[in-house]
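Heads up, input_25.csv below (CSV, C-alpha atoms):
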chain,number,residue,atom,x,y,z
T,1,MET,CA,0.0,0.0,0.0
T,2,GLN,CA,2.7,2.4,0.9
T,3,SER,CA,4.7,1.7,-2.2
T,4,PHE,CA,1.6,2.2,-4.2
T,5,VAL,CA,1.2,5.7,-2.7
T,6,VAL,CA,4.9,6.5,-3.4
T,7,ASP,CA,4.5,5.3,-7.0
T,8,ILE,CA,1.5,7.5,-7.5
T,9,LEU,CA,3.4,10.5,-6.1
T,10,SER,CA,6.5,9.9,-8.1
T,11,TRP,CA,4.5,9.4,-11.3
T,12,ALA,CA,2.6,12.7,-10.6
T,13,CYS,CA,5.9,14.5,-10.1
T,14,MET,CA,7.5,13.1,-13.3
T,15,LEU,CA,4.4,13.7,-15.4
T,16,SER,CA,4.1,17.3,-14.3
T,17,GLY,CA,7.8,17.7,-14.8
T,18,GLY,CA,7.4,16.5,-18.3
T,19,PHE,CA,4.5,18.9,-18.7
T,20,PHE,CA,6.7,21.9,-17.7
T,21,LEU,CA,9.4,20.7,-20.1
T,22,LEU,CA,6.8,20.8,-22.9
T,23,VAL,CA,5.7,24.2,-21.8
T,24,GLY,CA,9.3,25.5,-21.8
T,25,ALA,CA,9.9,24.1,-25.2
T,26,LEU,CA,6.7,25.6,-26.5
T,27,GLY,CA,7.7,28.9,-24.9
T,28,THR,CA,11.0,29.0,-26.7
T,29,ILE,CA,9.1,28.8,-30.0
T,30,ARG,CA,6.1,31.1,-29.2
T,31,LEU,CA,7.7,34.0,-27.3
T,32,PRO,CA,8.7,36.9,-29.5
T,33,ASP,CA,12.4,37.6,-29.0
T,34,PHE,CA,15.6,36.4,-27.4
T,35,TRP,CA,15.1,38.0,-24.0
T,36,SER,CA,11.6,36.5,-23.4
T,37,ARG,CA,12.8,33.1,-24.6
T,38,LEU,CA,15.3,33.1,-21.9
T,39,HIS,CA,12.5,33.0,-19.4
T,40,ALA,CA,11.0,29.9,-21.0
T,41,VAL,CA,14.3,28.2,-20.6
T,42,SER,CA,14.4,29.0,-16.9
T,43,ILE,CA,11.1,27.1,-16.5
T,44,ILE,CA,12.8,24.0,-17.9
T,45,ASP,CA,15.7,24.6,-15.5
T,46,SER,CA,13.6,24.9,-12.3
T,47,ALA,CA,10.2,23.2,-12.7
T,48,GLY,CA,11.0,20.6,-15.4
T,49,ALA,CA,14.3,19.2,-14.2
T,50,GLY,CA,13.4,19.7,-10.5
T,51,LEU,CA,10.1,17.8,-10.6
T,52,ILE,CA,11.5,14.9,-12.7
T,53,LEU,CA,14.4,14.6,-10.3
T,54,LEU,CA,12.0,14.7,-7.3
T,55,GLY,CA,10.0,11.9,-8.9
T,56,LEU,CA,13.2,9.9,-9.5
T,57,MET,CA,14.1,10.4,-5.8
T,58,LEU,CA,10.8,9.0,-4.7
T,59,GLN,CA,11.4,6.0,-6.8
T,60,ALA,CA,14.9,5.5,-5.5
T,61,GLY,CA,14.0,5.7,-1.8
T,62,LEU,CA,16.6,6.3,0.9
T,63,THR,CA,19.6,4.8,-1.0
T,64,LEU,CA,22.9,5.9,-2.4
T,65,ILE,CA,21.1,6.8,-5.6
T,66,MET,CA,19.0,9.4,-3.7
T,67,VAL,CA,22.2,11.1,-2.5
T,68,LYS,CA,23.5,11.3,-6.0
T,69,LEU,CA,20.1,12.8,-7.2
T,70,VAL,CA,20.3,15.4,-4.4
T,71,ILE,CA,23.8,16.4,-5.6
T,72,ILE,CA,22.6,16.6,-9.2
T,73,VAL,CA,19.8,19.0,-8.0
T,74,ILE,CA,22.3,21.2,-6.1
T,75,PHE,CA,24.6,21.4,-9.1
T,76,LEU,CA,21.7,22.2,-11.5
T,77,MET,CA,20.4,24.9,-9.1
T,78,ILE,CA,23.8,26.6,-9.2
T,79,THR,CA,24.9,26.1,-12.8
T,80,GLY,CA,21.4,26.7,-14.5
T,81,PRO,CA,21.0,30.4,-13.4
T,82,THR,CA,24.7,31.0,-13.8
T,83,ALA,CA,24.6,29.9,-17.5
T,84,SER,CA,21.4,32.0,-18.0
T,85,HIS,CA,23.0,35.0,-16.6
T,86,ALA,CA,26.1,34.5,-18.7
T,87,VAL,CA,24.0,34.4,-21.9
T,88,ALA,CA,21.9,37.4,-20.9
T,89,ASN,CA,25.0,39.4,-19.8
T,90,ALA,CA,26.7,38.7,-23.2
T,91,ALA,CA,23.6,39.9,-25.0
T,92,PHE,CA,23.4,43.0,-22.8
T,93,VAL,CA,27.1,43.9,-23.2
T,94,SER,CA,27.0,43.5,-26.9
T,95,GLY,CA,24.1,46.1,-27.0
T,96,SER,CA,21.1,43.9,-27.6
T,97,ARG,CA,17.9,45.2,-26.0
T,98,PRO,CA,14.4,43.6,-25.7
T,99,ARG,CA,11.9,44.8,-28.2
T,100,ASN,CA,8.8,46.7,-27.0
T,101,MET,CA,10.3,47.7,-23.7
T,102,VAL,CA,8.0,49.5,-21.3
T,103,GLU,CA,10.6,50.6,-18.9
T,104,ASP,CA,14.4,50.8,-19.3
T,105,VAL,CA,16.7,52.0,-16.6
T,106,THR,CA,19.8,51.7,-18.8
T,107,GLU,CA,18.7,54.2,-21.5
T,108,GLU,CA,21.0,56.9,-20.2
T,109,THR,CA,23.9,54.5,-19.8
T,110,SER,CA,23.5,52.3,-22.8
T,111,VAL,CA,26.6,51.3,-24.8
T,112,SER,CA,26.2,53.3,-28.0
T,113,PRO,CA,23.4,54.3,-30.3
T,114,GLU,CA,24.8,52.2,-33.2
T,115,ALA,CA,25.0,49.1,-31.1
T,116,LYS,CA,21.4,49.5,-30.1
T,117,ALA,CA,20.1,49.4,-33.6
C,118,MET,CA,29.8,7.1,-4.6
C,119,SER,CA,29.2,4.4,-7.2
C,120,GLY,CA,30.4,1.6,-4.9
C,121,ILE,CA,33.2,0.8,-7.4
C,122,TYR,CA,36.7,1.2,-6.1
C,123,LYS,CA,38.9,0.1,-9.0
C,124,PRO,CA,42.2,1.9,-9.2
C,125,LEU,CA,41.3,3.3,-12.7
C,126,ILE,CA,38.0,4.9,-11.4
C,127,ILE,CA,39.6,6.4,-8.3
C,128,GLY,CA,42.6,7.5,-10.4
C,129,LEU,CA,40.4,9.4,-12.9
C,130,GLY,CA,38.6,11.1,-9.9
C,131,VAL,CA,42.0,12.2,-8.5
C,132,VAL,CA,43.2,13.5,-11.8
C,133,SER,CA,40.0,15.6,-12.4
C,134,VAL,CA,40.2,17.1,-8.9
C,135,VAL,CA,43.8,18.0,-9.4
C,136,LEU,CA,42.9,19.5,-12.8
C,137,CYS,CA,40.1,21.6,-11.3
C,138,ILE,CA,42.3,22.9,-8.5
C,139,TRP,CA,45.0,23.8,-11.0
C,140,ILE,CA,42.6,25.7,-13.3
C,141,VAL,CA,41.1,27.6,-10.3
C,142,HIS,CA,44.6,28.5,-9.2
C,143,LYS,CA,45.5,29.7,-12.7
C,144,LEU,CA,42.4,31.9,-12.7
C,145,ARG,CA,43.4,33.5,-9.5
C,146,ILE,CA,39.9,33.7,-8.1
C,147,LEU,CA,40.9,32.3,-4.7
C,148,GLU,CA,41.9,35.8,-3.4
C,149,ALA,CA,38.3,36.9,-3.4
C,150,GLN,CA,36.3,37.0,-0.1
C,151,PRO,CA,36.0,33.7,1.7
C,152,VAL,CA,32.7,32.0,1.1
C,153,PHE,CA,32.5,30.2,4.5
C,154,GLY,CA,31.6,32.4,7.3
C,155,SER,CA,29.7,34.9,5.2
C,156,ILE,CA,26.4,33.1,5.5
C,157,GLU,CA,24.5,31.3,8.3
C,158,PRO,CA,23.9,27.7,7.1
C,159,PHE,CA,20.6,27.1,8.9
C,160,SER,CA,19.0,30.3,7.8
C,161,LEU,CA,20.2,29.6,4.3
C,162,ILE,CA,18.4,26.3,4.3
C,163,ALA,CA,15.2,28.0,5.6
C,164,TYR,CA,15.6,30.6,2.8
C,165,LEU,CA,15.9,27.8,0.2
C,166,PHE,CA,12.6,26.4,1.3
C,167,TRP,CA,11.0,29.8,0.9
C,168,LEU,CA,12.7,30.2,-2.5
C,169,THR,CA,11.4,26.8,-3.7
C,170,LYS,CA,7.8,28.0,-3.0
C,171,GLU,CA,8.5,31.3,-4.9
C,172,ILE,CA,9.9,29.4,-7.8
C,173,GLY,CA,6.8,27.3,-8.0
C,174,LYS,CA,4.5,30.3,-8.0
C,175,ALA,CA,6.6,32.1,-10.7
C,176,ASP,CA,6.7,28.9,-12.8
C,177,TRP,CA,3.0,28.8,-12.9
C,178,ALA,CA,2.7,32.5,-13.8
C,179,VAL,CA,5.1,32.2,-16.7
C,180,THR,CA,3.4,28.9,-17.8
C,181,LYS,CA,0.1,30.9,-18.0
C,182,VAL,CA,1.9,33.6,-20.1
C,183,ILE,CA,3.3,31.0,-22.6
C,184,LEU,CA,-0.1,29.2,-22.9
C,185,SER,CA,-2.2,32.3,-23.3
C,186,PRO,CA,-3.5,32.9,-26.8
C,187,ASP,CA,-2.1,36.4,-27.2
C,188,ILE,CA,1.3,36.7,-25.6
C,189,PRO,CA,1.6,40.1,-23.8
C,190,ASP,CA,4.7,42.0,-24.9
C,191,ASP,CA,5.7,44.4,-22.2
C,192,GLN,CA,9.3,43.6,-21.2
C,193,ARG,CA,11.3,45.8,-19.0
C,194,LEU,CA,14.8,46.3,-17.6
C,195,ILE,CA,14.6,47.4,-14.0
C,196,ALA,CA,17.2,48.4,-11.4
C,197,VAL,CA,17.2,46.4,-8.2
C,198,PRO,CA,19.2,47.9,-5.3
C,199,THR,CA,21.1,45.2,-3.3
C,200,ARG,CA,21.3,45.2,0.5
C,201,GLN,CA,23.8,42.3,0.9
C,202,LYS,CA,27.1,43.1,2.6
C,203,THR,CA,29.1,40.1,1.3
C,204,ASP,CA,30.0,38.8,-2.1
C,205,PHE,CA,28.5,35.4,-1.4
C,206,GLY,CA,25.2,37.0,-0.3
C,207,ARG,CA,25.1,39.0,-3.6
C,208,MET,CA,25.7,35.8,-5.5
C,209,ILE,CA,22.9,34.1,-3.8
C,210,PHE,CA,20.5,37.0,-4.5
C,211,ALA,CA,21.5,37.3,-8.2
C,212,ASN,CA,21.1,33.5,-8.7
C,213,SER,CA,17.8,33.6,-6.9
C,214,ILE,CA,16.5,36.3,-9.2
C,215,THR,CA,17.7,34.4,-12.3
C,216,ILE,CA,16.3,31.0,-11.2
C,217,THR,CA,12.9,32.5,-10.6
C,218,PRO,CA,11.1,32.3,-14.0
C,219,GLY,CA,10.2,35.8,-15.3
C,220,THR,CA,13.2,37.6,-14.1
C,221,ILE,CA,16.9,37.4,-15.1
C,222,THR,CA,19.8,39.3,-13.6
C,223,VAL,CA,21.5,40.8,-16.6
C,224,GLU,CA,24.3,43.0,-15.1
C,225,THR,CA,25.8,43.5,-11.7
C,226,GLU,CA,27.0,46.9,-10.6
C,227,GLU,CA,28.4,48.1,-7.3
C,228,ASP,CA,25.1,48.5,-5.4
C,229,ARG,CA,22.4,47.4,-7.8
C,230,PHE,CA,21.5,44.7,-10.3
C,231,ILE,CA,20.0,45.3,-13.7
C,232,VAL,CA,17.2,42.8,-14.0
C,233,HIS,CA,15.2,41.9,-17.1
C,234,ALA,CA,11.5,41.1,-16.3
C,235,LEU,CA,9.1,39.4,-18.7
C,236,ASN,CA,6.0,41.4,-17.7
C,237,LYS,CA,4.6,43.7,-15.1
C,238,ALA,CA,3.9,41.0,-12.5
C,239,ALA,CA,7.4,39.7,-12.7
C,240,ALA,CA,8.9,43.2,-12.3
C,241,ASP,CA,7.2,43.7,-9.0
C,242,GLN,CA,9.7,45.6,-6.9
C,243,GLU,CA,8.0,44.6,-3.6
C,244,SER,CA,8.5,40.9,-4.1
C,245,LEU,CA,12.0,41.4,-5.2
C,246,GLY,CA,12.6,43.6,-2.2
C,247,ASP,CA,11.2,40.9,0.0
C,248,MET,CA,13.7,38.4,-1.5
C,249,ASN,CA,16.4,41.0,-1.1
C,250,ASP,CA,15.7,41.3,2.6
C,251,ARG,CA,15.5,37.6,3.2
C,252,VAL,CA,18.9,37.0,1.6
C,253,ALA,CA,20.4,39.8,3.6
C,254,ALA,CA,19.0,38.3,6.7
C,255,THR,CA,20.8,35.0,6.1
C,256,GLU,CA,24.2,36.8,6.2
C,257,TRP,CA,26.4,36.3,9.2
C,258,LYS,CA,25.7,39.4,11.3
C,259,ALA,CA,29.1,39.7,13.0
C,260,ARG,CA,31.0,39.5,9.6
C,261,ALA,CA,28.5,41.5,7.6
C,262,GLY,CA,28.6,44.4,10.0
C,263,GLY,CA,32.3,44.3,10.5
C,264,GLU,CA,35.2,44.8,8.2
C,265,LEU,CA,33.6,43.4,5.0
If you convert what's in this file into structure tokens, what do you get?
Amino acid sequence: MQSFVVDILSWACMLSGGFFLLVGALGTIRLPDFWSRLHAVSIIDSAGAGLILLGLMLQAGLTLIMVKLVIIVIFLMITGPTASHAVANAAFVSGSRPRNMVEDVTEETSVSPEAKA
Amino acid sequence: MSGIYKPLIIGLGVVSVVLCIWIVHKLRILEAQPVFGSIEPFSLIAYLFWLTKEIGKADWAVTKVILSPDIPDDQRLIAVPTRQKTDFGRMIFANSITITPGTITVETEEDRFIVHALNKAAADQESLGDMNDRVAATEWKARAGGEL
């Protein structure tokens, strides 16, 4: 009975993780420009990978595999945002700006008018 | 970790550790502020639980944006002042912003971050300020108030 409940929970986690992966993939196609697509990727990073790994942890139980999965989560939580930031920062420094911006604090300090075009 | 203790496996592990340390030494990033002692471990764990909840909420918000028939197009770059005293605290805050869907830290300056937000709800200064305070609260008081 208990293993049945754990199975249900882990399946729910993995299926919803898969759902968020699909949503993230759809987002990278549907969203209008580079900057907004980055946000779709961060859904895959956090919800998609996180929920699937949680589901796998429930399957593994309290074993050595669980420890490894926890370590994978910790590494993903550090490297994912760092990589996103590196990509966004490279775009920012090279002068790319989101289209249709409502608010821009960097207008007075932006790199150069030519780079913005 | 794998339960296999053959000399080849252990040797490969040792080689990669030595390689990592050598690269870090070459990059000369060890002279920066020490990581240990700039944060309280237990309040950091409590913060991570709170952050997980926030990530869940933001995930759902961005999912709704992606699945909505007409995608709203009102992106913005906002400035977020940082209240952390230590480099490690700033790193935690910047990564927290980036891992939360809807907001990405684009540039770090002396006392503020430039953050790209997907829409108006994501650019909410109050919730960012709340996160800011919570990260600042996990810093080690004695160190943060002292010479750092």
Residue with the minimum atom-to-atom distance to chain T, picked from C:Asp241, C:Glu227, C:Thr222, C:Met248 with all atoms listed in the file counted, is C:Thr222
Using all atoms listed in the file and a distance of at most 10 Å, pull out the residues of chain T that contact chain C, as a PDB file with C-alpha atoms, in the coordinates of the input.
ATOM      1  CA  PHE T  20       6.700  21.900 -17.700  1.00  0.00           C
ATOM      2  CA  VAL T  23       5.700  24.200 -21.800  1.00  0.00           C
ATOM      3  CA  GLY T  24       9.300  25.500 -21.800  1.00  0.00           C
ATOM      4  CA  ALA T  25       9.900  24.100 -25.200  1.00  0.00           C
ATOM      5  CA  LEU T  26       6.700  25.600 -26.500  1.00  0.00           C
ATOM      6  CA  GLY T  27       7.700  28.900 -24.900  1.00  0.00           C
ATOM      7  CA  THR T  28      11.000  29.000 -26.700  1.00  0.00           C
ATOM      8  CA  ILE T  29       9.100  28.800 -30.000  1.00  0.00           C
ATOM      9  CA  ARG T  30       6.100  31.100 -29.200  1.00  0.00           C
ATOM     10  CA  LEU T  31       7.700  34.000 -27.300  1.00  0.00           C
ATOM     11  CA  PRO T  32       8.700  36.900 -29.500  1.00  0.00           C
ATOM     12  CA  ASP T  33      12.400  37.600 -29.000  1.00  0.00           C
ATOM     13  CA  TRP T  35      15.100  38.000 -24.000  1.00  0.00           C
ATOM     14  CA  SER T  36      11.600  36.500 -23.400  1.00  0.00           C
ATOM     15  CA  ARG T  37      12.800  33.100 -24.600  1.00  0.00           C
ATOM     16  CA  LEU T  38      15.300  33.100 -21.900  1.00  0.00           C
ATOM     17  CA  HIS T  39      12.500  33.000 -19.400  1.00  0.00           C
ATOM     18  CA  ALA T  40      11.000  29.900 -21.000  1.00  0.00           C
ATOM     19  CA  VAL T  41      14.300  28.200 -20.600  1.00  0.00           C
ATOM     20  CA  SER T  42      14.400  29.000 -16.900  1.00  0.00           C
ATOM     21  CA  ILE T  43      11.100  27.100 -16.500  1.00  0.00           C
ATOM     22  CA  ILE T  44      12.800  24.000 -17.900  1.00  0.00           C
ATOM     23  CA  ASP T  45      15.700  24.600 -15.500  1.00  0.00           C
ATOM     24  CA  SER T  46      13.600  24.900 -12.300  1.00  0.00           C
ATOM     25  CA  ALA T  47      10.200  23.200 -12.700  1.00  0.00           C
ATOM     26  CA  GLY T  48      11.000  20.600 -15.400  1.00  0.00           C
ATOM     27  CA  LEU T  64      22.900   5.900  -2.400  1.00  0.00           C
ATOM     28  CA  ILE T  65      21.100   6.800  -5.600  1.00  0.00           C
ATOM     29  CA  VAL T  67      22.200  11.100  -2.500  1.00  0.00           C
ATOM     30  CA  LYS T  68      23.500  11.300  -6.000  1.00  0.00           C
ATOM     31  CA  MET T  77      20.400  24.900  -9.100  1.00  0.00           C
ATOM     32  CA  ILE T  78      23.800  26.600  -9.200  1.00  0.00           C
ATOM     33  CA  THR T  79      24.900  26.100 -12.800  1.00  0.00           C
ATOM     34  CA  GLY T  80      21.400  26.700 -14.500  1.00  0.00           C
ATOM     35  CA  PRO T  81      21.000  30.400 -13.400  1.00  0.00           C
ATOM     36  CA  THR T  82      24.700  31.000 -13.800  1.00  0.00           C
ATOM     37  CA  ALA T  83      24.600  29.900 -17.500  1.00  0.00           C
ATOM     38  CA  SER T  84      21.400  32.000 -18.000  1.00  0.00           C
ATOM     39  CA  HIS T  85      23.000  35.000 -16.600  1.00  0.00           C
ATOM     40  CA  ALA T  86      26.100  34.500 -18.700  1.00  0.00           C
ATOM     41  CA  VAL T  87      24.000  34.400 -21.900  1.00  0.00           C
ATOM     42  CA  ALA T  88      21.900  37.400 -20.900  1.00  0.00           C
ATOM     43  CA  ASN T  89      25.000  39.400 -19.800  1.00  0.00           C
ATOM     44  CA  ALA T  90      26.700  38.700 -23.200  1.00  0.00           C
ATOM     45  CA  ALA T  91      23.600  39.900 -25.000  1.00  0.00           C
ATOM     46  CA  PHE T  92      23.400  43.000 -22.800  1.00  0.00           C
ATOM     47  CA  VAL T  93      27.100  43.900 -23.200  1.00  0.00           C
ATOM     48  CA  ARG T  97      17.900  45.200 -26.000  1.00  0.00           C
ATOM     49  CA  PRO T  98      14.400  43.600 -25.700  1.00  0.00           C
ATOM     50  CA  ARG T  99      11.900  44.800 -28.200  1.00  0.00           C
ATOM     51  CA  ASN T 100       8.800  46.700 -27.000  1.00  0.00           C
ATOM     52  CA  MET T 101      10.300  47.700 -23.700  1.00  0.00           C
ATOM     53  CA  VAL T 102       8.000  49.500 -21.300  1.00  0.00           C
ATOM     54  CA  GLU T 103      10.600  50.600 -18.900  1.00  0.00           C
ATOM     55  CA  ASP T 104      14.400  50.800 -19.300  1.00  0.00           C
ATOM     56  CA  VAL T 105      16.700  52.000 -16.600  1.00  0.00           C
ATOM     57  CA  THR T 106      19.800  51.700 -18.800  1.00  0.00           C
ATOM     58  CA  GLU T 107      18.700  54.200 -21.500  1.00  0.00           C
TER      59      GLU T 107
END
So how many Å separate CA of Met1 (chain T) and CA of Ala49 (chain T), to one decimal?
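Separation between CA of Met1 (chain T) and CA of Ala49 (chain T): 27.8 Å.
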Compare C:Lys202, C:Lys123, C:Arg207, C:His142 by their minimum atom-to-atom distance to Phe230 (chain C), counting only C-alpha atoms, and give me the closest one.
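Using only C-alpha atoms, Phe230 (chain C) sits closest to C:Arg207.
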Separation of CA of Val135 (chain C) from CA of Glu157 (chain C) in Å:
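A separation of 29.4 Å between them.
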Just give me the gap between CA of Ala240 (chain C) and CA of Ser185 (chain C) in Å, one decimal is fine.
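CA of Ala240 (chain C) sits 19.1 Å away from CA of Ser185 (chain C).
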How about completing region 69-95 of chain T with N, CA and C atoms and giving it to me as a short mmCIF file (atom, residue, chain, number, x, y, z; two decimals), in the coordinates of the input?
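What landed in selection_6.cif:
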data_model
loop_
_atom_site.label_atom_id
_atom_site.label_comp_id
_atom_site.auth_asym_id
_atom_site.auth_seq_id
_atom_site.Cartn_x
_atom_site.Cartn_y
_atom_site.Cartn_z
N LEU T 69 21.17 11.93 -6.60
CA LEU T 69 20.10 12.80 -7.20
C LEU T 69 20.11 14.15 -6.50
N VAL T 70 20.26 14.13 -5.16
CA VAL T 70 20.30 15.40 -4.40
C VAL T 70 21.45 16.25 -4.90
N ILE T 71 22.61 15.59 -5.10
CA ILE T 71 23.80 16.40 -5.60
C ILE T 71 23.54 16.93 -6.95
N ILE T 72 22.88 16.13 -7.82
CA ILE T 72 22.60 16.60 -9.20
C ILE T 72 21.68 17.87 -9.06
N VAL T 73 20.67 17.83 -8.17
CA VAL T 73 19.80 19.00 -8.00
C VAL T 73 20.59 20.21 -7.57
N ILE T 74 21.48 20.02 -6.58
CA ILE T 74 22.30 21.20 -6.10
C ILE T 74 23.08 21.77 -7.22
N PHE T 75 23.75 20.90 -8.01
CA PHE T 75 24.60 21.40 -9.10
C PHE T 75 23.72 22.15 -10.14
N LEU T 76 22.54 21.57 -10.46
CA LEU T 76 21.70 22.20 -11.50
C LEU T 76 21.21 23.57 -10.96
N MET T 77 20.89 23.66 -9.64
CA MET T 77 20.40 24.90 -9.10
C MET T 77 21.47 26.00 -9.12
N ILE T 78 22.74 25.61 -9.14
CA ILE T 78 23.80 26.60 -9.20
C ILE T 78 24.17 26.92 -10.66
N THR T 79 24.36 25.87 -11.47
CA THR T 79 24.90 26.10 -12.80
C THR T 79 23.78 26.67 -13.76
N GLY T 80 22.50 26.28 -13.56
CA GLY T 80 21.40 26.70 -14.50
C GLY T 80 21.36 28.26 -14.52
N PRO T 81 21.10 28.90 -13.36
CA PRO T 81 21.00 30.40 -13.40
C PRO T 81 22.33 31.03 -13.81
N THR T 82 23.47 30.41 -13.45
CA THR T 82 24.70 31.00 -13.80
C THR T 82 24.88 31.06 -15.35
N ALA T 83 24.48 29.95 -16.01
CA ALA T 83 24.60 29.90 -17.50
C ALA T 83 23.58 30.91 -18.08
N SER T 84 22.33 30.98 -17.53
CA SER T 84 21.40 32.00 -18.00
C SER T 84 21.90 33.37 -17.94
N HIS T 85 22.51 33.66 -16.77
CA HIS T 85 23.00 35.00 -16.60
C HIS T 85 24.16 35.30 -17.54
N ALA T 86 25.03 34.28 -17.81
CA ALA T 86 26.10 34.50 -18.70
C ALA T 86 25.64 34.84 -20.12
N VAL T 87 24.61 34.11 -20.57
CA VAL T 87 24.00 34.40 -21.90
C VAL T 87 23.41 35.76 -21.94
N ALA T 88 22.59 36.09 -20.90
CA ALA T 88 21.90 37.40 -20.90
C ALA T 88 22.92 38.51 -20.80
N ASN T 89 23.97 38.31 -20.00
CA ASN T 89 25.00 39.40 -19.80
C ASN T 89 25.72 39.60 -21.15
N ALA T 90 26.03 38.51 -21.88
CA ALA T 90 26.70 38.70 -23.20
C ALA T 90 25.86 39.47 -24.12
N ALA T 91 24.54 39.17 -24.15
CA ALA T 91 23.60 39.90 -25.00
C ALA T 91 23.58 41.38 -24.61
N PHE T 92 23.52 41.63 -23.28
CA PHE T 92 23.40 43.00 -22.80
C PHE T 92 24.65 43.80 -23.13
N VAL T 93 25.83 43.20 -22.92
CA VAL T 93 27.10 43.90 -23.20
C VAL T 93 27.26 44.22 -24.63
N SER T 94 26.80 43.28 -25.49
CA SER T 94 27.00 43.50 -26.90
C SER T 94 25.91 44.48 -27.47
N GLY T 95 25.03 45.01 -26.59
CA GLY T 95 24.10 46.10 -27.00
C GLY T 95 22.75 45.66 -27.41
#
